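Chemist: upload.csv is the file, holding CSV, C-alpha atoms:
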```
chain,number,residue,atom,x,y,z
A,2,MET,CA,79.5,146.4,22.3
A,3,PRO,CA,81.2,145.0,25.4
A,4,ASP,CA,79.2,143.0,27.8
A,5,ALA,CA,77.8,144.9,30.7
A,6,PRO,CA,79.5,144.2,34.0
A,7,PRO,CA,77.6,141.7,36.3
A,8,GLU,CA,75.3,143.3,38.8
A,9,PRO,CA,76.8,143.1,42.4
A,10,LEU,CA,75.1,140.6,44.7
A,11,ALA,CA,72.7,142.0,47.3
A,12,PRO,CA,74.3,142.1,50.7
A,13,PRO,CA,73.2,139.4,53.2
A,14,LEU,CA,70.5,140.5,55.6
A,15,ALA,CA,69.0,139.0,58.8
A,16,GLU,CA,66.3,140.9,60.7
A,17,CYS,CA,64.4,139.7,63.8
A,18,GLN,CA,60.8,140.7,63.5
A,19,ALA,CA,57.7,139.4,65.2
A,20,GLY,CA,59.4,136.2,66.6
A,21,ARG,CA,61.0,135.3,63.3
A,22,VAL,CA,64.3,135.8,61.5
A,23,ARG,CA,63.8,137.3,58.1
A,24,LEU,CA,66.6,136.4,55.7
A,25,ALA,CA,67.4,138.3,52.5
A,26,GLY,CA,70.2,139.0,50.0
A,27,ALA,CA,73.0,136.7,48.9
A,28,TRP,CA,74.5,134.4,51.5
A,29,THR,CA,77.7,133.5,49.6
A,30,VAL,CA,81.3,133.5,50.5
A,31,THR,CA,81.9,136.6,48.4
A,32,ALA,CA,79.0,138.6,50.0
A,33,LEU,CA,79.7,137.4,53.5
A,34,SER,CA,83.4,138.3,53.2
A,35,ALA,CA,82.5,141.8,52.0
A,36,HIS,CA,79.7,142.5,54.5
A,37,GLY,CA,80.3,140.2,57.4
A,38,ASP,CA,77.9,138.0,59.4
A,39,PRO,CA,74.5,139.7,59.5
A,40,LEU,CA,73.0,137.5,62.2
A,41,PRO,CA,72.4,139.3,65.5
A,42,ALA,CA,74.1,138.0,68.6
A,43,GLY,CA,72.4,136.0,71.3
A,44,GLU,CA,69.5,133.6,71.2
A,45,LEU,CA,67.5,133.6,67.9
A,46,PRO,CA,63.8,132.9,67.3
A,47,THR,CA,62.8,129.5,66.1
A,48,CYS,CA,61.2,130.6,62.8
A,49,PHE,CA,63.4,131.5,59.8
A,50,ASP,CA,61.7,133.2,56.9
A,51,ALA,CA,63.7,132.5,53.7
A,52,SER,CA,61.2,133.8,51.1
A,53,ALA,CA,63.5,136.7,50.2
A,54,LEU,CA,66.8,134.6,50.4
A,55,GLY,CA,68.9,135.0,47.3
A,56,ALA,CA,72.0,133.1,46.3
A,57,LEU,CA,73.3,130.5,48.8
A,58,ASP,CA,76.5,128.5,48.9
A,59,THR,CA,78.1,126.2,51.4
A,60,THR,CA,79.6,129.1,53.4
A,61,GLY,CA,76.2,130.7,53.9
A,62,ALA,CA,74.5,127.3,54.6
A,63,LEU,CA,77.1,126.5,57.3
A,64,LEU,CA,76.5,129.9,58.9
A,65,LEU,CA,72.7,129.3,58.9
A,66,VAL,CA,73.2,125.7,60.3
A,67,HIS,CA,75.3,127.2,63.1
A,68,ALA,CA,72.5,129.7,63.7
A,69,GLU,CA,70.0,126.9,64.2
A,70,GLY,CA,72.1,125.8,67.2
A,71,ARG,CA,71.5,129.2,68.9
A,72,CYS,CA,67.7,128.8,68.8
A,73,ALA,CA,65.7,127.7,71.9
A,74,GLY,CA,64.0,124.8,70.1
A,75,ALA,CA,63.5,123.2,66.7
A,76,VAL,CA,63.7,125.6,63.8
A,77,ALA,CA,60.8,126.0,61.4
A,78,TRP,CA,61.6,127.3,57.9
A,79,GLU,CA,59.2,129.3,55.8
A,80,GLY,CA,59.5,130.1,52.1
A,81,LEU,CA,62.7,127.9,51.7
A,82,ARG,CA,63.3,126.9,48.1
A,83,ASP,CA,64.1,123.2,47.3
A,84,GLU,CA,67.7,123.8,46.2
A,85,HIS,CA,68.4,125.7,49.4
A,86,ALA,CA,66.8,123.0,51.5
A,87,GLU,CA,69.0,120.3,49.9
A,88,LEU,CA,72.1,122.4,50.5
A,89,LEU,CA,71.2,122.9,54.2
A,90,ASP,CA,70.6,119.2,54.6
A,91,LEU,CA,73.9,118.4,53.0
A,92,VAL,CA,75.8,120.7,55.4
A,93,ARG,CA,73.9,119.3,58.4
A,94,ARG,CA,75.0,115.8,57.5
A,95,HIS,CA,78.6,116.6,57.1
A,96,ARG,CA,79.2,119.4,59.7
A,97,HIS,CA,80.4,116.8,62.2
A,98,ALA,CA,82.7,114.9,59.9
A,99,ALA,CA,85.9,113.5,61.4
A,100,ALA,CA,88.6,116.1,62.0
A,101,PRO,CA,91.9,115.5,60.1
A,102,HIS,CA,94.5,113.4,61.8
A,103,ALA,CA,96.7,115.1,64.2
A,104,ASP,CA,100.2,116.0,63.0
A,105,ALA,CA,103.3,114.1,64.1
A,106,ALA,CA,104.1,116.7,66.7
A,107,SER,CA,100.9,115.9,68.7
A,108,VAL,CA,101.2,112.1,68.4
A,109,GLY,CA,102.7,110.2,71.3
A,110,VAL,CA,106.2,108.7,71.3
A,111,LEU,CA,104.8,105.2,71.3
A,112,ALA,CA,102.6,105.9,68.3
A,113,LEU,CA,105.6,107.4,66.4
A,114,LEU,CA,107.7,104.4,67.3
A,115,GLY,CA,105.0,102.0,66.1
A,116,ARG,CA,104.5,103.9,62.9
A,117,ASP,CA,108.3,103.9,62.2
A,118,THR,CA,108.6,100.2,63.0
A,119,CYS,CA,105.7,99.3,60.7
A,120,ARG,CA,107.3,101.4,57.9
A,121,ARG,CA,110.7,99.7,58.3
A,122,LEU,CA,109.1,96.3,58.4
A,123,ALA,CA,107.2,97.0,55.2
A,124,GLU,CA,110.4,98.2,53.6
A,125,ALA,CA,112.2,95.1,54.7
A,126,ARG,CA,109.5,93.0,53.2
A,127,ASP,CA,109.8,94.9,49.9
A,128,ILE,CA,113.5,94.5,49.9
A,129,LEU,CA,113.2,90.7,50.4
A,130,ALA,CA,110.6,90.5,47.7
A,131,PHE,CA,112.8,92.4,45.2
A,132,LEU,CA,115.8,90.3,46.2
A,133,GLY,CA,113.9,87.1,45.6
A,134,GLU,CA,112.6,88.2,42.3
A,135,ALA,CA,116.1,89.4,41.2
A,136,CYS,CA,117.7,86.1,42.2
A,137,VAL,CA,115.0,84.1,40.3
A,138,ALA,CA,115.6,86.3,37.2
A,139,CYS,CA,119.4,85.9,37.4
A,140,TRP,CA,119.0,82.1,37.9
A,141,ARG,CA,116.7,81.9,34.9
A,142,ALA,CA,119.2,83.8,32.8
A,143,LEU,CA,122.0,81.4,33.8
A,144,LEU,CA,119.9,78.4,33.0
A,145,LEU,CA,118.7,79.8,29.7
A,146,PRO,CA,121.7,81.9,28.4
A,147,HIS,CA,120.0,82.4,25.0
A,148,ARG,CA,117.4,84.6,26.8
A,149,LEU,CA,120.0,86.9,28.2
A,150,ARG,CA,119.8,90.2,26.4
A,151,LEU,CA,123.3,90.9,25.1
A,152,THR,CA,122.7,94.4,23.8
A,153,PRO,CA,121.8,96.0,27.2
A,154,LEU,CA,124.5,93.8,28.9
A,155,LEU,CA,127.3,95.1,26.6
A,156,ALA,CA,126.0,98.7,26.9
A,157,ASN,CA,126.1,98.4,30.7
A,158,VAL,CA,129.6,96.9,30.5
A,159,GLN,CA,130.8,99.9,28.5
A,160,ARG,CA,129.1,102.5,30.7
A,161,ALA,CA,130.0,100.9,34.0
A,162,GLY,CA,133.5,99.7,33.1
A,163,PHE,CA,135.2,101.2,30.1
A,164,GLU,CA,133.9,104.8,30.7
A,165,ALA,CA,134.9,104.6,34.3
A,166,LEU,CA,138.6,103.9,33.6
A,167,PRO,CA,139.8,107.5,33.6
A,168,ILE,CA,138.2,108.5,37.0
A,169,VAL,CA,139.1,105.2,38.7
A,170,GLY,CA,142.7,105.3,37.4
A,171,LEU,CA,143.3,109.0,38.4
A,172,LEU,CA,141.9,108.6,41.9
A,173,SER,CA,143.7,105.4,42.5
A,174,PHE,CA,147.0,106.9,41.3
A,175,LEU,CA,146.5,109.9,43.7
A,176,MET,CA,145.5,107.6,46.5
A,177,GLY,CA,148.8,105.7,46.1
A,178,ILE,CA,150.7,109.0,46.1
A,179,VAL,CA,148.9,110.1,49.3
A,180,ILE,CA,149.5,106.8,51.2
A,181,ALA,CA,153.2,106.7,50.1
A,182,TYR,CA,153.8,110.3,51.0
A,183,GLN,CA,152.1,110.3,54.4
A,184,GLY,CA,153.5,106.9,55.5
A,185,GLY,CA,156.9,107.5,54.0
A,186,GLN,CA,157.4,110.7,56.0
A,187,GLN,CA,157.1,108.7,59.3
A,188,LEU,CA,159.1,105.8,58.0
A,189,ARG,CA,162.0,108.0,56.9
A,190,THR,CA,162.3,109.2,60.5
A,191,TYR,CA,163.3,105.7,61.5
A,192,GLY,CA,165.5,105.1,58.5
A,193,ALA,CA,162.9,102.6,57.1
A,194,SER,CA,161.9,104.3,53.8
A,195,LEU,CA,162.0,101.0,52.0
A,196,PHE,CA,159.0,99.8,54.0
A,197,VAL,CA,156.9,102.3,52.1
A,198,VAL,CA,156.6,99.5,49.6
A,199,ASP,CA,154.8,97.3,52.2
A,200,LEU,CA,152.5,100.1,53.2
A,201,VAL,CA,151.4,101.1,49.7
A,202,THR,CA,151.0,97.6,48.2
A,203,LEU,CA,149.3,95.9,51.0
A,204,THR,CA,146.9,98.8,51.7
A,205,MET,CA,146.0,99.2,48.0
A,206,LEU,CA,145.7,95.5,47.2
A,207,ARG,CA,143.7,94.5,50.2
A,208,GLU,CA,141.5,97.5,51.0
A,209,MET,CA,141.9,100.9,49.3
A,210,ALA,CA,141.7,99.9,45.7
A,211,VAL,CA,138.5,97.9,45.9
A,212,ILE,CA,136.7,100.1,48.3
A,213,LEU,CA,137.6,103.3,46.4
A,214,THR,CA,136.5,101.7,43.1
A,215,ALA,CA,133.2,100.5,44.7
A,216,ILE,CA,132.5,104.0,46.1
A,217,ILE,CA,133.2,105.5,42.6
A,218,VAL,CA,130.9,103.0,41.0
A,219,ALA,CA,128.2,103.5,43.6
A,220,GLY,CA,128.2,107.2,43.0
A,221,ARG,CA,128.5,107.0,39.2
A,222,THR,CA,126.8,103.8,38.1
A,223,GLY,CA,124.5,103.0,41.0
A,224,SER,CA,122.9,106.5,40.7
A,225,ALA,CA,122.6,106.0,36.9
A,226,TYR,CA,120.7,102.8,37.5
A,227,THR,CA,118.3,104.4,39.9
A,228,ALA,CA,117.7,107.4,37.6
A,229,GLN,CA,117.1,105.3,34.5
A,230,ILE,CA,114.6,103.0,36.1
A,231,GLY,CA,113.0,105.8,38.1
A,232,THR,CA,112.4,107.9,35.0
A,233,MET,CA,110.9,104.9,33.3
A,234,ARG,CA,108.6,104.5,36.3
A,235,VAL,CA,107.5,108.1,36.1
A,236,THR,CA,106.8,107.9,32.3
A,237,GLU,CA,105.0,104.5,32.8
A,238,GLU,CA,107.4,102.7,30.4
A,239,ILE,CA,107.7,99.9,32.9
A,240,ASP,CA,104.0,99.4,32.8
A,241,ALA,CA,104.2,99.3,29.0
A,242,LEU,CA,106.8,96.6,29.2
A,243,ARG,CA,104.5,94.5,31.3
A,244,THR,CA,101.7,95.1,28.9
A,245,ILE,CA,103.6,93.7,26.0
A,246,GLY,CA,104.8,90.7,28.0
A,247,ILE,CA,108.4,91.7,28.8
A,248,ARG,CA,109.5,91.1,32.4
A,249,PRO,CA,111.1,94.4,33.6
A,250,LEU,CA,113.6,92.6,35.7
A,251,ASP,CA,114.8,90.5,32.7
A,252,LEU,CA,115.4,93.7,30.6
A,253,LEU,CA,116.5,96.2,33.3
A,254,VAL,CA,117.9,94.4,36.3
A,255,VAL,CA,119.6,91.2,35.1
A,256,PRO,CA,121.9,92.9,32.5
A,257,LYS,CA,122.9,95.5,35.1
A,258,ILE,CA,123.8,93.0,37.7
A,259,PHE,CA,125.8,90.8,35.4
A,260,ALA,CA,127.6,93.8,33.9
A,261,LEU,CA,128.6,95.2,37.2
A,262,VAL,CA,129.7,91.8,38.7
A,263,LEU,CA,131.9,91.4,35.6
A,264,VAL,CA,133.5,94.9,35.4
A,265,LEU,CA,134.0,95.8,39.1
A,266,PRO,CA,136.7,93.1,39.6
A,267,LEU,CA,138.5,94.3,36.4
A,268,LEU,CA,138.3,97.9,37.6
A,269,THR,CA,139.7,96.8,41.0
A,270,VAL,CA,142.7,95.2,39.2
A,271,TYR,CA,143.2,98.4,37.2
A,272,ALA,CA,143.0,100.4,40.5
A,273,ASP,CA,145.5,98.1,42.1
A,274,MET,CA,148.0,98.8,39.3
A,275,MET,CA,147.5,102.5,39.3
A,276,GLY,CA,147.7,102.8,43.1
A,277,VAL,CA,150.9,100.8,43.2
A,278,PHE,CA,152.3,102.9,40.4
A,279,GLY,CA,151.4,106.1,42.3
A,280,GLY,CA,153.2,104.8,45.3
A,281,MET,CA,156.2,103.7,43.3
A,282,PHE,CA,156.4,107.2,41.7
A,283,ILE,CA,156.4,109.1,45.0
A,284,ALA,CA,158.8,106.6,46.6
A,285,ASP,CA,161.3,107.2,43.9
A,286,LEU,CA,160.8,110.9,43.9
A,287,MET,CA,160.7,111.6,47.6
A,288,PHE,CA,162.3,108.7,49.5
A,289,GLY,CA,165.0,107.4,47.2
A,290,VAL,CA,163.4,104.0,46.6
A,291,SER,CA,164.1,103.3,42.9
A,292,PHE,CA,161.7,101.4,40.7
A,293,THR,CA,163.9,98.3,40.8
A,294,GLU,CA,164.1,98.3,44.6
A,295,PHE,CA,160.4,98.9,44.8
A,296,LEU,CA,159.6,95.9,42.6
A,297,GLN,CA,162.1,93.6,44.4
A,298,ARG,CA,160.5,94.5,47.7
A,299,LEU,CA,157.0,94.1,46.3
A,300,GLU,CA,157.9,90.6,45.2
A,301,GLN,CA,159.1,89.7,48.7
A,302,VAL,CA,156.1,91.0,50.7
A,303,VAL,CA,153.1,90.6,48.4
A,304,SER,CA,151.7,87.2,47.8
A,305,LEU,CA,148.8,86.1,45.7
A,306,ARG,CA,146.4,85.9,48.7
A,307,HIS,CA,146.7,89.7,49.3
A,308,PHE,CA,145.7,90.3,45.7
A,309,LEU,CA,142.8,87.8,45.9
A,310,VAL,CA,141.5,89.3,49.1
A,311,GLY,CA,140.9,92.6,47.4
A,312,VAL,CA,139.6,91.3,44.1
A,313,GLY,CA,137.4,88.7,45.9
A,314,LYS,CA,135.4,91.5,47.6
A,315,ALA,CA,134.6,93.2,44.2
A,316,PRO,CA,131.8,90.9,43.0
A,317,VAL,CA,130.0,91.2,46.4
A,318,PHE,CA,130.3,95.0,46.3
A,319,ALA,CA,129.1,94.9,42.7
A,320,LEU,CA,126.0,92.9,43.6
A,321,LEU,CA,125.1,95.2,46.5
A,322,ILE,CA,125.5,98.3,44.3
A,323,ALA,CA,123.4,96.9,41.5
A,324,LEU,CA,120.7,95.6,43.7
A,325,VAL,CA,120.4,98.9,45.7
A,326,GLY,CA,120.4,101.0,42.5
A,327,CYS,CA,117.7,99.0,40.8
A,328,TYR,CA,115.6,98.6,43.9
A,329,GLN,CA,115.5,102.3,44.6
A,330,GLY,CA,114.7,103.0,41.0
A,331,PHE,CA,111.6,100.7,41.2
A,332,LYS,CA,110.6,102.6,44.4
A,333,VAL,CA,110.2,105.9,42.5
A,334,SER,CA,106.6,107.1,42.5
A,335,GLY,CA,105.1,110.5,41.8
A,336,GLY,CA,106.9,113.2,39.8
A,337,ALA,CA,110.4,114.0,38.7
A,338,ASP,CA,111.4,115.1,42.2
A,339,ALA,CA,111.1,111.5,43.4
A,340,VAL,CA,113.8,110.5,40.9
A,341,GLY,CA,116.3,112.8,42.5
A,342,ARG,CA,115.3,111.8,46.0
A,343,GLN,CA,115.6,108.1,45.4
A,344,THR,CA,118.9,108.6,43.5
A,345,THR,CA,120.3,110.3,46.6
A,346,VAL,CA,119.0,107.5,48.8
A,347,SER,CA,120.5,104.9,46.4
A,348,VAL,CA,124.0,106.4,46.5
A,349,VAL,CA,124.0,106.8,50.3
A,350,GLN,CA,122.7,103.2,50.9
A,351,ALA,CA,125.2,101.7,48.5
A,352,ILE,CA,128.2,103.4,50.0
A,353,PHE,CA,127.0,102.6,53.5
A,354,LEU,CA,126.6,98.9,52.7
A,355,VAL,CA,129.9,98.7,50.9
A,356,ILE,CA,131.7,100.1,54.0
A,357,VAL,CA,129.8,97.8,56.4
A,358,VAL,CA,130.4,94.7,54.3
A,359,ASP,CA,134.1,95.6,53.9
A,360,ALA,CA,134.4,95.9,57.7
A,361,ALA,CA,132.8,92.5,58.1
A,362,PHE,CA,135.2,91.1,55.5
A,363,SER,CA,138.1,92.6,57.5
A,364,VAL,CA,137.0,90.9,60.7
A,365,LEU,CA,136.4,87.6,58.9
A,366,PHE,CA,139.8,87.6,57.2
A,367,SER,CA,141.5,88.5,60.4
A,368,ALA,CA,139.8,85.6,62.2
A,369,LEU,CA,140.8,83.3,59.4
A,370,ARG,CA,144.4,84.7,59.3
A,371,VAL,CA,144.1,85.4,55.6
```
Hey, can you dump this file as structure tokens for me?

Modeler:
Amino acid sequence: MPDAPPEPLAPPLAECQAGRVRLAGAWTVTALSAHGDPLPAGELPTCFDASALGALDTTGALLLVHAEGRCAGAVAWEGLRDEHAELLDLVRRHRHAAAPHADAASVGVLALLGRDTCRRLAEARDILAFLGEACVACWRALLLPHRLRLTPLLANVQRAGFEALPIVGLLSFLMGIVIAYQGGQQLRTYGASLFVVDLVTLTMLREMAVILTAIIVAGRTGSAYTAQIGTMRVTEEIDALRTIGIRPLDLLVVPKIFALVLVLPLLTVYADMMGVFGGMFIADLMFGVSFTEFLQRLEQVVSLRHFLVGVGKAPVFALLIALVGCYQGFKVSGGADAVGRQTTVSVVQAIFLVIVVDAAFSVLFSALRV
């Protein structure tokens, strides 16, 4: 036979009789929600009779403790069971616990500024600590090459370099077309269509090829670094590596840094060629500059230093992208949503740093007349 349904709790009662408050029924959150507060309004007698009091939880105990404050003097309890007395004592001790901190909207401007400053200083400290550890790990790998893990190094070279060739080549080719077309339209007005060669080659070799490649790598490879390390953080694989005596930086960071520093200059050279070829194609198609004329003019205006300026930036950009991607991966904590959040931060920070450092290089090379 099915179990009989539980009997409903008796409603809470509070009656003032002969200078005392007689309590009865269940004083629980369920009963009080259904029947309301049974205590009469105004000042209460100083004697509480709990001999008929039934079930009691923290909600009922808090209501009774508040009722004690409405009495003219100290409250005397009669017929109070031991478990009820312990619960009332517990509520009395914690009823004046500290309120939760005010939210950010009620905090002063100076407090918010101080909190943000402390947070940024702590982040700067963490960045410097990670940078120092990464430098030590890379230096140790250079001093002891036999300890460098070739399998992850070659795997990262393939993913960051070889597999990126199609997207880098296509975008560089299109960028060369855009530069040649937009600049050539203006140059043709003055009868100087041949100078589209100068525009395309110098722009691609010195600036556009390397920065376009770096942005592609930051969005493609840097995000992959963050996602991989972040997922390992969430699944506690990094803690497992430490447990078995493997340094996470030696396995996860050093191969990524070396691979990216190696492949980004090569991708930049490839982007240079594809961008110049795109400009050459549109110059012949739209402005009557043949391939032969284009190459002859290229030989006259482009020197080795222009090529080296662009390629020389690539290792610096690669180092920035790899460090940012790995650092943000190690910052992941919590669940899977943190992986996506830190991946987004990684891409934004890497692209921002690439553009800032490229601007600094431009100022430096201009001052050095390079």

Chemist: Might you pull out every residue within 7 Å of region 200-212 of chain A, with only C-alpha atoms counted and same-chain residues fewer than 2 positions away left off, and present them as a PDB file with C-alpha atoms, in the coordinates of the input?

Modeler:
```pdb
ATOM      1  CA  SER A 173     143.700 105.400  42.500  1.00  0.00           C
ATOM      2  CA  GLY A 177     148.800 105.700  46.100  1.00  0.00           C
ATOM      3  CA  ILE A 180     149.500 106.800  51.200  1.00  0.00           C
ATOM      4  CA  ALA A 181     153.200 106.700  50.100  1.00  0.00           C
ATOM      5  CA  PHE A 196     159.000  99.800  54.000  1.00  0.00           C
ATOM      6  CA  VAL A 197     156.900 102.300  52.100  1.00  0.00           C
ATOM      7  CA  VAL A 198     156.600  99.500  49.600  1.00  0.00           C
ATOM      8  CA  THR A 214     136.500 101.700  43.100  1.00  0.00           C
ATOM      9  CA  ALA A 215     133.200 100.500  44.700  1.00  0.00           C
ATOM     10  CA  ILE A 216     132.500 104.000  46.100  1.00  0.00           C
ATOM     11  CA  THR A 269     139.700  96.800  41.000  1.00  0.00           C
ATOM     12  CA  ALA A 272     143.000 100.400  40.500  1.00  0.00           C
ATOM     13  CA  ASP A 273     145.500  98.100  42.100  1.00  0.00           C
ATOM     14  CA  GLY A 276     147.700 102.800  43.100  1.00  0.00           C
ATOM     15  CA  VAL A 277     150.900 100.800  43.200  1.00  0.00           C
ATOM     16  CA  GLY A 280     153.200 104.800  45.300  1.00  0.00           C
ATOM     17  CA  HIS A 307     146.700  89.700  49.300  1.00  0.00           C
ATOM     18  CA  PHE A 308     145.700  90.300  45.700  1.00  0.00           C
ATOM     19  CA  VAL A 310     141.500  89.300  49.100  1.00  0.00           C
ATOM     20  CA  GLY A 311     140.900  92.600  47.400  1.00  0.00           C
ATOM     21  CA  VAL A 312     139.600  91.300  44.100  1.00  0.00           C
ATOM     22  CA  ALA A 315     134.600  93.200  44.200  1.00  0.00           C
TER      23      ALA A 315
END
```

Chemist: Using all atoms listed in the file, determine which residues lie at most 10 Å from Arg342 (chain A), disregarding the query and same-chain residues fewer than 4 positions distant; provide the list as a list in words.

Modeler: Ala228, Gln329, Val333, Ala337, Asp338, Val346 and Ser347 of chain A

Chemist: So what do you get for CA of Cys72 (chain A) versus CA of Ala56 (chain A), distance-wise?

Modeler: 23.3 Å

Chemist: Ranking A:Gly289, A:Gly133, A:Gly279, A:Pro266 by minimum distance to Arg189 (chain A) and counting only C-alpha atoms, which one comes first?

Modeler: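 Closest to Arg189 (chain A) of all the choices is A:Gly289.
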
Chemist: From the options A:Val22, A:Val355, A:Leu129, A:Ile245, which residue's atoms come nearest to Leu213 (chain A), counting all atoms listed in the file?

Modeler: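 Closest residue, counting all atoms listed in the file: A:Val355.
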
Chemist: Near region 316-324 of chain A, counting all atoms listed in the file, which residues have an atom at most 6 Å away, once you skip same-chain residues fewer than 5 positions from it, shown as a VMD selection string?

Modeler: chain A and resid 219 223 258 261 to 262 351 355

Chemist: Quick one: distance from CA of Leu252 (chain A) to CA of Leu151 (chain A) in Å, one decimal?

Modeler: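 Separation between CA of Leu252 (chain A) and CA of Leu151 (chain A): 10.0 Å.
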
Chemist: Expressed in Å to a single decimal, how great is the separation between CA of Leu267 (chain A) and CA of Pro167 (chain A)?

Modeler: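 That distance, rounded to one decimal, is 13.6 Å.
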
Chemist: Counting all atoms listed in the file, which of A:Ala73, A:Ala11, A:Leu166, A:Cys136 gets nearest to Gly43 (chain A)?

Modeler: A:Ala73

Chemist: Just want the 7 Å neighbourhood of Ala27 (chain A), counted on all atoms listed in the file, with same-chain residues fewer than 6 positions away dropped. Output as a ChimeraX atom specification.

Modeler: /A:10-13,54-57

Chemist: Quick one: residues within 9 Å of Ser194 (chain A), all atoms listed in the file counted, chain neighbours fewer than 3 positions away excluded, as a list in words?

Modeler: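 In the requested format, the answer is Gly184, Gly185, Gln186, Gln187, Leu188, Arg189, Thr190, Tyr191, Val197, Val198, Ala284, Phe288, Gly289 and Val290 of chain A.
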
Chemist: Taking into account only C-alpha atoms, which residue in the set A:Cys327, A:Ile247, A:Ala32, A:Arg93 is nearest to Leu132 (chain A)?

Modeler: A:Cys327

Chemist: Name the closest residue to Gln183 (chain A) among the candidates A:Met287, A:Ala225, A:Leu263, A:Ala68; distances are taken between atoms, counting all atoms listed in the file.

Modeler: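 Among A:Met287, A:Ala225, A:Leu263, A:Ala68, it is A:Met287 that comes nearest to Gln183 (chain A).
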